[in-house]
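Printed here is data23.csv (CSV, C-alpha atoms):
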```csv
chain,number,residue,atom,x,y,z
Q,1,MET,CA,79.6,78.6,172.4
Q,2,LEU,CA,80.0,82.4,172.6
Q,3,TRP,CA,79.6,82.7,168.8
Q,4,ASN,CA,76.4,80.6,168.9
Q,5,THR,CA,75.1,82.8,171.7
Q,6,ILE,CA,75.8,85.9,169.6
Q,7,LEU,CA,74.0,84.4,166.7
Q,8,LEU,CA,71.0,83.7,168.9
Q,9,ALA,CA,71.0,87.3,170.1
Q,10,LEU,CA,71.1,88.6,166.6
Q,11,ARG,CA,68.2,86.3,165.6
Q,12,GLU,CA,66.1,87.6,168.5
Q,13,ILE,CA,67.0,91.2,167.5
Q,14,ARG,CA,66.0,90.5,163.9
Q,15,ARG,CA,62.7,89.1,165.0
Q,16,ASN,CA,61.7,92.4,166.6
Q,17,VAL,CA,63.6,95.0,164.5
Q,18,MET,CA,61.4,98.0,165.3
Q,19,ARG,CA,61.3,97.3,169.0
Q,20,SER,CA,65.1,96.7,169.1
Q,21,PHE,CA,65.8,100.0,167.3
Q,22,LEU,CA,63.5,101.9,169.7
Q,23,THR,CA,65.2,100.2,172.6
Q,24,ILE,CA,68.7,101.3,171.5
Q,25,LEU,CA,67.7,104.8,170.4
Q,26,GLY,CA,68.8,106.3,173.7
Q,27,ILE,CA,72.2,104.7,173.3
Q,28,VAL,CA,72.4,105.9,169.7
Q,29,ILE,CA,71.6,109.5,170.7
Q,30,GLY,CA,73.9,109.4,173.7
Q,31,VAL,CA,77.0,108.1,171.9
Q,32,GLY,CA,76.3,110.3,168.9
Q,33,ALA,CA,75.9,113.4,171.0
Q,34,VAL,CA,79.0,112.8,173.2
Q,35,ILE,CA,81.3,112.2,170.2
Q,36,THR,CA,79.8,115.1,168.3
Q,37,MET,CA,80.3,117.5,171.2
Q,38,VAL,CA,83.9,116.4,171.9
Q,39,THR,CA,84.8,116.6,168.2
Q,40,ILE,CA,83.3,120.0,167.6
Q,41,GLY,CA,84.7,121.3,170.9
Q,42,GLY,CA,88.2,120.0,170.0
Q,43,GLY,CA,87.9,121.7,166.6
Q,44,ALA,CA,86.8,125.0,168.2
Q,45,THR,CA,89.8,124.8,170.7
Q,46,VAL,CA,92.3,124.3,167.8
Q,47,GLN,CA,90.7,127.2,165.9
Q,48,VAL,CA,91.0,129.5,169.0
Q,49,ARG,CA,94.7,128.6,169.3
Q,50,GLN,CA,95.3,129.1,165.6
Q,51,GLN,CA,93.5,132.5,165.5
Q,52,ILE,CA,95.3,133.8,168.6
Q,53,ALA,CA,98.6,132.6,167.1
Q,54,SER,CA,97.7,134.5,163.9
Q,55,MET,CA,97.3,137.7,166.0
Q,56,GLY,CA,101.0,137.8,166.7
Q,57,SER,CA,104.0,135.6,167.4
Q,58,ASN,CA,105.1,135.4,171.0
Q,59,LEU,CA,103.2,138.7,171.6
Q,60,LEU,CA,103.3,140.8,174.7
Q,61,MET,CA,100.8,143.7,175.0
Q,62,ILE,CA,101.6,146.6,177.3
Q,63,SER,CA,98.7,148.8,178.2
Q,64,PRO,CA,98.4,151.7,180.6
Q,65,GLY,CA,96.3,151.5,183.8
Q,66,LYS,CA,96.0,149.1,186.7
Q,67,ARG,CA,94.3,145.9,185.6
Q,68,LEU,CA,91.1,145.3,187.6
Q,69,GLY,CA,89.5,142.6,185.6
Q,70,PRO,CA,88.6,141.5,182.1
Q,71,GLY,CA,88.7,144.7,180.0
Q,72,GLN,CA,88.9,147.0,183.0
Q,73,SER,CA,91.7,149.3,184.0
Q,74,SER,CA,92.2,152.4,186.1
Q,75,GLY,CA,94.7,155.2,186.5
Q,76,ASN,CA,95.6,155.4,182.8
Q,77,VAL,CA,98.8,157.2,182.2
Q,78,PRO,CA,99.6,156.9,178.5
Q,79,PHE,CA,103.0,155.8,177.2
Q,80,LYS,CA,105.4,158.0,175.1
Q,81,GLU,CA,107.5,157.0,172.1
Q,82,ALA,CA,110.5,157.3,174.5
Q,83,ASP,CA,109.1,154.2,176.3
Q,84,VAL,CA,109.1,152.3,173.1
Q,85,GLU,CA,112.8,153.2,172.4
Q,86,ALA,CA,113.7,152.2,176.0
Q,87,ILE,CA,112.2,148.8,175.5
Q,88,ILE,CA,114.2,148.3,172.2
Q,89,ARG,CA,117.4,149.5,173.9
Q,90,GLU,CA,117.2,147.8,177.3
Q,91,VAL,CA,115.2,144.6,177.0
Q,92,SER,CA,117.0,141.6,175.5
Q,93,ASN,CA,115.5,139.0,173.1
Q,94,ILE,CA,113.0,141.4,171.6
Q,95,ALA,CA,112.3,140.8,167.9
Q,96,ALA,CA,110.1,143.9,167.3
Q,97,VAL,CA,108.3,146.7,169.2
Q,98,ALA,CA,105.3,148.6,167.8
Q,99,PRO,CA,103.7,151.7,169.4
Q,100,VAL,CA,99.9,151.7,168.7
Q,101,SER,CA,97.2,154.3,169.0
Q,102,SER,CA,93.8,153.8,167.4
Q,103,GLN,CA,90.7,155.8,166.8
Q,104,SER,CA,87.4,155.0,165.1
Q,105,MET,CA,86.5,157.4,162.3
Q,106,GLN,CA,85.0,157.6,158.9
Q,107,ALA,CA,87.0,156.9,155.8
Q,108,ILE,CA,85.6,158.8,152.8
Q,109,LEU,CA,86.1,158.3,149.0
Q,110,GLY,CA,83.9,160.5,146.8
Q,111,ASN,CA,80.3,159.7,147.8
Q,112,GLN,CA,81.3,156.4,149.6
Q,113,ASN,CA,82.0,156.4,153.3
Q,114,TRP,CA,82.8,153.7,155.9
Q,115,THR,CA,83.4,153.9,159.6
Q,116,THR,CA,86.6,152.0,160.4
Q,117,GLN,CA,89.4,151.7,162.9
Q,118,VAL,CA,92.4,153.9,162.1
Q,119,THR,CA,95.6,152.7,163.7
Q,120,GLY,CA,98.8,154.7,164.0
Q,121,SER,CA,102.0,152.7,164.2
Q,122,ASN,CA,105.2,151.8,162.4
Q,123,ASN,CA,106.3,149.0,160.1
Q,124,GLU,CA,107.0,146.7,163.1
Q,125,TYR,CA,103.2,146.6,163.6
Q,126,PHE,CA,102.8,144.4,160.5
Q,127,TYR,CA,105.4,142.0,162.0
Q,128,VAL,CA,104.2,141.7,165.5
Q,129,THR,CA,100.6,141.2,164.4
Q,130,ASN,CA,101.5,138.7,161.6
Q,131,ARG,CA,100.1,140.9,158.9
Q,132,SER,CA,101.6,141.0,155.4
Q,133,ILE,CA,101.2,143.5,152.6
Q,134,GLY,CA,99.3,141.9,149.7
Q,135,THR,CA,99.7,144.8,147.2
Q,136,GLY,CA,101.8,147.9,147.4
Q,137,ARG,CA,104.4,148.6,150.1
Q,138,GLN,CA,105.0,149.5,153.8
Q,139,PHE,CA,105.9,153.0,155.0
Q,140,SER,CA,109.3,154.4,154.2
Q,141,GLU,CA,111.6,155.7,156.9
Q,142,SER,CA,111.1,159.3,155.7
Q,143,GLU,CA,107.3,158.9,155.8
Q,144,LEU,CA,107.5,157.6,159.4
Q,145,ARG,CA,109.8,160.4,160.5
Q,146,ALA,CA,107.9,163.2,158.8
Q,147,GLY,CA,104.4,161.9,159.7
Q,148,ALA,CA,103.4,161.7,156.0
Q,149,ALA,CA,99.8,161.5,154.8
Q,150,VAL,CA,100.0,157.9,153.6
Q,151,CYS,CA,98.1,154.8,154.6
Q,152,VAL,CA,97.8,151.0,154.2
Q,153,ILE,CA,94.2,149.7,154.1
Q,154,GLY,CA,92.5,146.4,154.9
Q,155,GLU,CA,90.5,144.3,152.5
Q,156,THR,CA,87.1,145.3,154.0
Q,157,VAL,CA,87.9,149.0,153.6
Q,158,ARG,CA,88.9,148.4,150.0
Q,159,LYS,CA,85.6,146.6,149.2
Q,160,LYS,CA,83.5,149.3,150.9
Q,161,LEU,CA,85.2,152.3,149.3
Q,162,PHE,CA,86.7,151.0,146.1
Q,163,GLY,CA,84.6,148.0,145.1
Q,164,GLY,CA,86.5,146.3,142.4
Q,165,GLN,CA,88.8,149.2,141.6
Q,166,ASP,CA,92.6,149.2,142.3
Q,167,PRO,CA,93.1,151.5,145.4
Q,168,MET,CA,96.9,152.0,144.9
Q,169,GLY,CA,97.8,155.7,144.6
Q,170,GLU,CA,94.2,156.9,145.3
Q,171,LYS,CA,93.5,159.2,148.1
Q,172,ILE,CA,90.9,158.7,150.9
Q,173,ARG,CA,89.9,161.2,153.6
Q,174,LEU,CA,90.1,160.4,157.3
Q,175,GLN,CA,88.2,163.3,158.9
Q,176,LYS,CA,90.2,166.3,157.6
Q,177,LEU,CA,93.2,164.2,156.7
Q,178,SER,CA,93.6,163.3,153.0
Q,179,CYS,CA,96.0,160.4,152.7
Q,180,GLU,CA,97.4,158.3,149.8
Q,181,VAL,CA,96.8,154.6,149.7
Q,182,ILE,CA,100.3,153.0,149.3
Q,183,GLY,CA,99.5,149.4,150.4
Q,184,LEU,CA,96.7,146.8,150.8
Q,185,MET,CA,97.0,144.2,153.6
Q,186,ALA,CA,96.5,140.6,152.9
Q,187,GLU,CA,93.1,139.3,154.1
Q,188,LYS,CA,93.0,137.8,157.6
Q,189,GLY,CA,89.2,137.3,158.2
Q,190,GLN,CA,87.4,137.4,161.6
Q,191,SER,CA,89.2,137.0,164.9
Q,192,THR,CA,88.2,134.6,167.7
Q,193,MET,CA,86.1,137.3,169.2
Q,194,GLY,CA,84.2,137.9,165.9
Q,195,HIS,CA,86.1,141.1,165.1
Q,196,ASP,CA,86.8,141.8,161.4
Q,197,GLN,CA,90.6,142.0,161.3
Q,198,ASP,CA,90.5,143.5,157.7
Q,199,ASP,CA,88.3,146.5,158.7
Q,200,MET,CA,91.2,148.9,159.4
Q,201,VAL,CA,93.4,151.6,158.1
Q,202,VAL,CA,97.1,151.9,159.3
Q,203,ILE,CA,98.9,155.2,159.1
Q,204,PRO,CA,102.3,156.3,160.6
Q,205,ILE,CA,101.9,157.0,164.3
Q,206,ARG,CA,103.3,160.5,164.0
Q,207,THR,CA,100.7,161.3,161.4
Q,208,LEU,CA,97.9,160.2,163.8
Q,209,GLN,CA,99.5,162.2,166.7
Q,210,ARG,CA,100.1,165.4,164.7
Q,211,ARG,CA,97.1,165.4,162.3
Q,212,ILE,CA,94.3,163.7,164.2
Q,213,THR,CA,94.7,163.3,168.0
Q,214,GLY,CA,97.0,166.3,168.6
Q,215,THR,CA,98.9,164.5,171.4
Q,216,GLN,CA,102.2,162.5,171.7
Q,217,ASP,CA,100.5,159.7,173.6
Q,218,VAL,CA,100.9,156.0,172.8
Q,219,ALA,CA,97.9,154.0,173.8
Q,220,LEU,CA,99.4,150.5,173.6
Q,221,ILE,CA,102.8,148.9,173.0
Q,222,GLN,CA,103.0,145.6,171.3
Q,223,VAL,CA,106.2,143.5,171.7
Q,224,SER,CA,107.2,140.4,169.8
Q,225,VAL,CA,109.7,138.2,171.7
Q,226,ARG,CA,112.3,136.3,169.7
Q,227,GLU,CA,111.5,132.7,168.8
Q,228,GLY,CA,112.7,130.3,171.4
Q,229,ALA,CA,113.2,133.1,174.1
Q,230,SER,CA,111.2,133.1,177.3
Q,231,THR,CA,108.2,135.4,177.2
Q,232,ASP,CA,108.0,135.3,181.0
Q,233,LYS,CA,111.5,136.7,181.3
Q,234,ALA,CA,110.7,139.4,178.7
Q,235,GLN,CA,107.5,140.2,180.7
Q,236,GLN,CA,109.4,140.6,183.9
Q,237,ASP,CA,112.1,142.8,182.3
Q,238,ILE,CA,109.5,145.0,180.7
Q,239,SER,CA,107.6,145.4,184.0
Q,240,LYS,CA,110.8,146.3,185.8
Q,241,LEU,CA,111.8,148.9,183.1
Q,242,MET,CA,108.3,150.4,183.1
Q,243,ARG,CA,108.2,150.8,186.9
Q,244,GLU,CA,111.6,152.6,186.7
Q,245,ARG,CA,110.4,154.9,183.9
Q,246,ARG,CA,107.1,155.7,185.6
Q,247,HIS,CA,108.9,156.4,188.9
Q,248,LEU,CA,107.0,153.9,190.9
Q,249,SER,CA,108.3,153.1,194.5
Q,250,PRO,CA,108.4,149.5,195.7
Q,251,SER,CA,105.2,150.0,197.6
Q,252,ASP,CA,103.3,151.4,194.6
Q,253,ASP,CA,101.1,149.2,192.5
Q,254,ASP,CA,101.8,149.0,188.7
Q,255,ASN,CA,99.9,151.6,186.7
Q,256,PHE,CA,100.3,149.5,183.6
Q,257,HIS,CA,99.7,145.9,182.6
Q,258,VAL,CA,101.9,143.6,180.6
Q,259,MET,CA,99.8,140.8,179.1
Q,260,ASP,CA,101.1,137.7,177.4
Q,261,MET,CA,98.9,136.4,174.6
Q,262,LYS,CA,99.4,133.0,176.1
Q,263,GLU,CA,97.2,134.1,179.0
Q,264,ILE,CA,94.3,134.8,176.5
Q,265,THR,CA,95.0,131.5,174.8
Q,266,LYS,CA,94.9,129.6,178.1
Q,267,MET,CA,91.7,131.4,179.1
Q,268,LEU,CA,89.8,130.9,175.9
Q,269,THR,CA,90.9,127.2,175.4
Q,270,GLY,CA,90.0,126.5,179.0
Q,271,THR,CA,86.5,128.0,178.4
Q,272,THR,CA,85.9,125.9,175.3
Q,273,GLU,CA,87.2,122.7,177.0
Q,274,LEU,CA,84.9,123.3,180.0
Q,275,LEU,CA,81.9,123.9,177.8
Q,276,THR,CA,82.7,120.8,175.8
Q,277,ALA,CA,82.9,118.8,179.0
Q,278,LEU,CA,79.6,120.1,180.4
Q,279,LEU,CA,77.8,119.5,177.1
Q,280,SER,CA,79.3,116.0,176.8
Q,281,ALA,CA,78.2,115.2,180.4
Q,282,VAL,CA,74.6,116.4,179.6
Q,283,ALA,CA,74.7,114.3,176.4
Q,284,ALA,CA,75.9,111.2,178.4
Q,285,VAL,CA,72.7,111.2,180.4
Q,286,SER,CA,71.1,109.8,177.2
Q,287,LEU,CA,73.3,106.7,177.7
Q,288,LEU,CA,71.7,106.2,181.2
Q,289,VAL,CA,68.2,106.6,179.7
Q,290,GLY,CA,69.2,104.1,177.0
Q,291,GLY,CA,70.4,101.6,179.6
Q,292,ILE,CA,67.1,101.8,181.5
Q,293,GLY,CA,65.3,101.2,178.2
Q,294,ILE,CA,67.4,98.1,177.5
Q,295,MET,CA,66.7,96.8,181.0
Q,296,ASN,CA,63.0,97.4,180.5
Q,297,ILE,CA,62.8,95.6,177.2
Q,298,MET,CA,65.0,92.7,178.4
Q,299,LEU,CA,62.6,92.2,181.4
Q,300,VAL,CA,59.7,92.1,178.9
Q,301,SER,CA,61.7,89.7,176.7
Q,302,VAL,CA,62.3,87.3,179.7
Q,303,THR,CA,58.5,87.4,180.4
Q,304,GLU,CA,57.6,86.7,176.8
Q,305,ARG,CA,60.2,83.8,176.5
Q,306,THR,CA,59.6,82.2,179.9
Q,307,ARG,CA,58.4,79.0,178.3
Q,308,GLU,CA,61.4,78.9,176.0
Q,309,ILE,CA,63.7,79.4,179.0
Q,310,GLY,CA,61.9,76.6,180.8
Q,311,VAL,CA,62.4,74.2,177.9
Q,312,ARG,CA,66.1,75.0,177.8
Q,313,LEU,CA,66.5,74.5,181.5
Q,314,ALA,CA,64.5,71.2,181.4
Q,315,ILE,CA,66.7,69.6,178.6
Q,316,GLY,CA,69.9,70.3,180.5
Q,317,ALA,CA,70.9,74.0,179.9
Q,318,LEU,CA,72.9,75.4,182.8
Q,319,GLU,CA,71.9,78.6,184.6
Q,320,ARG,CA,75.1,80.3,183.5
Q,321,GLU,CA,74.3,79.4,179.8
Q,322,VAL,CA,70.9,81.1,180.1
Q,323,LEU,CA,72.5,84.0,182.0
Q,324,MET,CA,75.1,84.3,179.2
Q,325,GLN,CA,72.4,84.2,176.5
Q,326,PHE,CA,70.4,87.1,177.8
Q,327,LEU,CA,73.5,89.1,178.9
Q,328,VAL,CA,75.0,88.7,175.4
Q,329,GLU,CA,71.7,89.8,173.9
Q,330,ALA,CA,71.7,93.0,176.0
Q,331,VAL,CA,75.4,93.7,175.1
Q,332,VAL,CA,74.8,93.1,171.4
Q,333,LEU,CA,71.8,95.5,171.5
Q,334,SER,CA,73.8,98.3,173.2
Q,335,SER,CA,76.9,97.7,171.0
Q,336,LEU,CA,74.8,98.0,167.9
Q,337,GLY,CA,73.5,101.3,169.4
Q,338,GLY,CA,77.0,102.4,169.9
Q,339,LEU,CA,78.0,101.6,166.3
Q,340,LEU,CA,75.0,103.5,165.0
Q,341,GLY,CA,75.8,106.4,167.3
Q,342,ILE,CA,79.4,106.6,166.0
Q,343,ILE,CA,78.1,106.7,162.4
Q,344,LEU,CA,75.6,109.4,163.3
Q,345,ALA,CA,78.3,111.3,165.2
Q,346,LEU,CA,80.7,111.3,162.2
Q,347,ILE,CA,78.1,112.5,159.8
Q,348,ALA,CA,76.9,115.2,162.2
Q,349,SER,CA,80.4,116.3,163.1
Q,350,VAL,CA,81.5,116.8,159.5
Q,351,TRP,CA,78.3,118.7,158.8
Q,352,LEU,CA,78.5,120.9,161.9
Q,353,ALA,CA,82.3,121.6,161.4
Q,354,GLY,CA,81.5,122.9,157.9
Q,355,LEU,CA,78.6,124.9,159.2
Q,356,LEU,CA,80.5,126.5,162.1
Q,357,ARG,CA,83.7,126.8,160.1
Q,358,VAL,CA,85.8,124.9,162.6
Q,359,PRO,CA,88.3,122.2,161.7
Q,360,PHE,CA,87.1,118.6,161.8
Q,361,ILE,CA,89.4,116.8,164.2
Q,362,LEU,CA,88.3,113.2,165.0
Q,363,ASN,CA,89.2,112.2,168.6
Q,364,GLY,CA,89.9,108.5,168.2
Q,365,PRO,CA,90.2,107.7,171.9
Q,366,ILE,CA,86.8,109.3,172.7
Q,367,VAL,CA,85.1,107.2,169.9
Q,368,PHE,CA,86.6,104.0,171.4
Q,369,ILE,CA,85.7,105.0,174.9
Q,370,ALA,CA,82.1,105.8,173.9
Q,371,PHE,CA,81.7,102.4,172.2
Q,372,LEU,CA,83.1,100.6,175.3
Q,373,PHE,CA,80.8,102.6,177.5
Q,374,SER,CA,77.8,101.7,175.4
Q,375,ALA,CA,78.7,98.0,175.7
Q,376,ALA,CA,79.2,98.4,179.4
Q,377,VAL,CA,75.8,100.0,179.7
Q,378,GLY,CA,74.3,96.9,178.0
Q,379,MET,CA,76.2,94.6,180.4
Q,380,ILE,CA,75.2,96.5,183.5
Q,381,PHE,CA,71.6,97.1,182.7
Q,382,GLY,CA,71.2,93.7,181.1
Q,383,TYR,CA,72.6,91.7,184.1
Q,384,PHE,CA,69.4,91.8,186.3
Q,385,PRO,CA,67.0,90.6,183.5
Q,386,ALA,CA,69.5,87.9,182.6
Q,387,LEU,CA,69.9,86.8,186.2
Q,388,LYS,CA,66.1,86.7,186.5
Q,389,ALA,CA,65.9,84.4,183.4
Q,390,ALA,CA,68.7,82.1,184.7
Q,391,ARG,CA,66.9,81.6,188.1
Q,392,LEU,CA,63.5,80.7,186.7
Q,393,ASP,CA,62.1,77.4,188.0
Q,394,PRO,CA,61.9,75.1,184.9
Q,395,ILE,CA,58.6,73.5,186.1
Q,396,GLU,CA,56.9,76.9,186.7
Q,397,ALA,CA,58.4,78.2,183.4
Q,398,LEU,CA,57.0,75.3,181.4
Q,399,ARG,CA,53.5,75.9,182.9
Q,400,HIS,CA,53.7,79.6,181.8
Q,401,GLU,CA,51.3,80.5,179.0
```
Show me the file's structure as structure tokens.
Amino acid sequence: MLWNTILLALREIRRNVMRSFLTILGIVIGVGAVITMVTIGGGATVQVRQQIASMGSNLLMISPGKRLGPGQSSGNVPFKEADVEAIIREVSNIAAVAPVSSQSMQAILGNQNWTTQVTGSNNEYFYVTNRSIGTGRQFSESELRAGAAVCVIGETVRKKLFGGQDPMGEKIRLQKLSCEVIGLMAEKGQSTMGHDQDDMVVIPIRTLQRRITGTQDVALIQVSVREGASTDKAQQDISKLMRERRHLSPSDDDNFHVMDMKEITKMLTGTTELLTALLSAVAAVSLLVGGIGIMNIMLVSVTERTREIGVRLAIGALEREVLMQFLVEAVVLSSLGGLLGIILALIASVWLAGLLRVPFILNGPIVFIAFLFSAAVGMIFGYFPALKAARLDPIEALRHE
């Protein structure tokens, strides 16, 4: 009986194809938008996690100043290289420690110049930030100790200054410092924040201190914790050590901040998930609109087919059979809308994922839930018109013109 009812519903839909399509358009748009938003949002969340992971493995960043809010600090008292040595010596489960100081300046080669970020550090910097040397080599121990005029450049700097030429062994000028290019970092691309990670020059930190800044200050300390070790424990140990070295009493607030990259990951993924949920909720409103459209058309259909309903009731059809007929028709309509919405969503998601350069990750459960929700919309909004049809008086229905 159910199969015959479904066939009757399909026949009625086929008789009014254009009206049926316009009726389910809200369902199609709603289901398609919800699945697309969740799919793209899931891809963006995965990309954020991958890009932050590419910035460093189990990375802790120690910055001077009391943390006030996002990007804000006060009471900056810079670190010294002795602080770096103390962390290496006294904190357990540390894989690598890199002192970092940076300054924006012009890199010049002949008549070419490019404003870039010059970072002073050591070879541990390449490890903690997951950078590799594509061509050339890292700094030697003697170059690090002596503060030699050597540098490792990023791919963007190479393109801007050298074009298609090999930069190895060539000299570029950073303000008044002429340094030899000994290495080219492998390309990393843009970060989550849109920053070009290849637009940089790395030199020994002592070279930066002696030849450019004229101070012994270290602006930032980056620490990589051993795989499998607790970053929370390392964070606590570093905080305790820094308080001792900076002579802070128990009542004093920290004048430094130890940040775990997991905090940034949690914050950014939480933001993308919240935005995805909000956009999906807005898109889901279309399902409500589509349900109202189905109710409206089903009421019109009951009015148009009053005589047909009267004939069925007069020859012995039960009320529940008429109710089932119109209810199944509404569910079939909304389910077709759900299927079309899923197809539309898959096409749109693949296209948008390529356009936005985020991974395409299909969320199977949300596709299934969206389809069930579309069928439920048809059942809920189709019940009242079906009930109205089932309760028609056969005599009055047969008199209907």
Give the answer as one residue: which of Q:Ile203, Q:Leu362, Q:Ala186, Q:Met379 has the shortest atom-to-atom distance to Thr36 in chain Q, using all atoms listed in the file? Q:Leu362
List the spatial neighbours of Ile27 in chain Q as a list of chain:residue names - criterion: any atom at most 6 Å away, all atoms listed in the file, same-chain residues fewer than 3 positions off excluded. Q:Ile24, Q:Gly30, Q:Leu287, Q:Gly290, Q:Gly337
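With only C-alpha atoms as the atoms that count, the minimum distance from Asp199 in chain Q to the choices Q:Leu355, Q:Leu184, Q:Leu174, Q:Ile153 is reached by Q:Ile153.
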Point out the residue among Q:Ile172, Q:Ile62, Q:Val48, Q:Ala219 with the least atom-to-atom distance to Pro78 in chain Q, counting only C-alpha atoms. Q:Ala219
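Residues of protein, DNA or RNA having at least one counted atom within 6 Å of (94.0, 157.7, 145.6), given only C-alpha atoms, are Q:Gly169, Q:Glu170, Q:Lys171, Q:Glu180, Q:Val181.
What separates CA of Ile94 in chain Q from CA of Phe79 in chain Q is a distance of 18.4 Å.
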Set the distance at 7 Å and use all atoms listed in the file: which residues neighbour Phe139 in chain Q once local chain neighbours fewer than 4 positions away are removed? I'd like the list as a PyMOL selection string. chain Q and resi 123+143-144
I'd like the interatomic distance between CA of Leu340 in chain Q and CA of Val285 in chain Q, to a tenth of an Å. 17.4 Å
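A distance cut-off of 10 Å around (86.3, 157.9, 154.7), counting all atoms listed in the file, selects these protein and nucleic acid residues: Met105, Gln106, Ala107, Ile108, Leu109, Gly110, Asn111, Gln112, Asn113, Trp114, Thr115, Thr116, Val157, Lys160, Leu161, Lys171, Ile172, Arg173, Leu174, Gln175, Lys176, Leu177 and Ser178 of chain Q.
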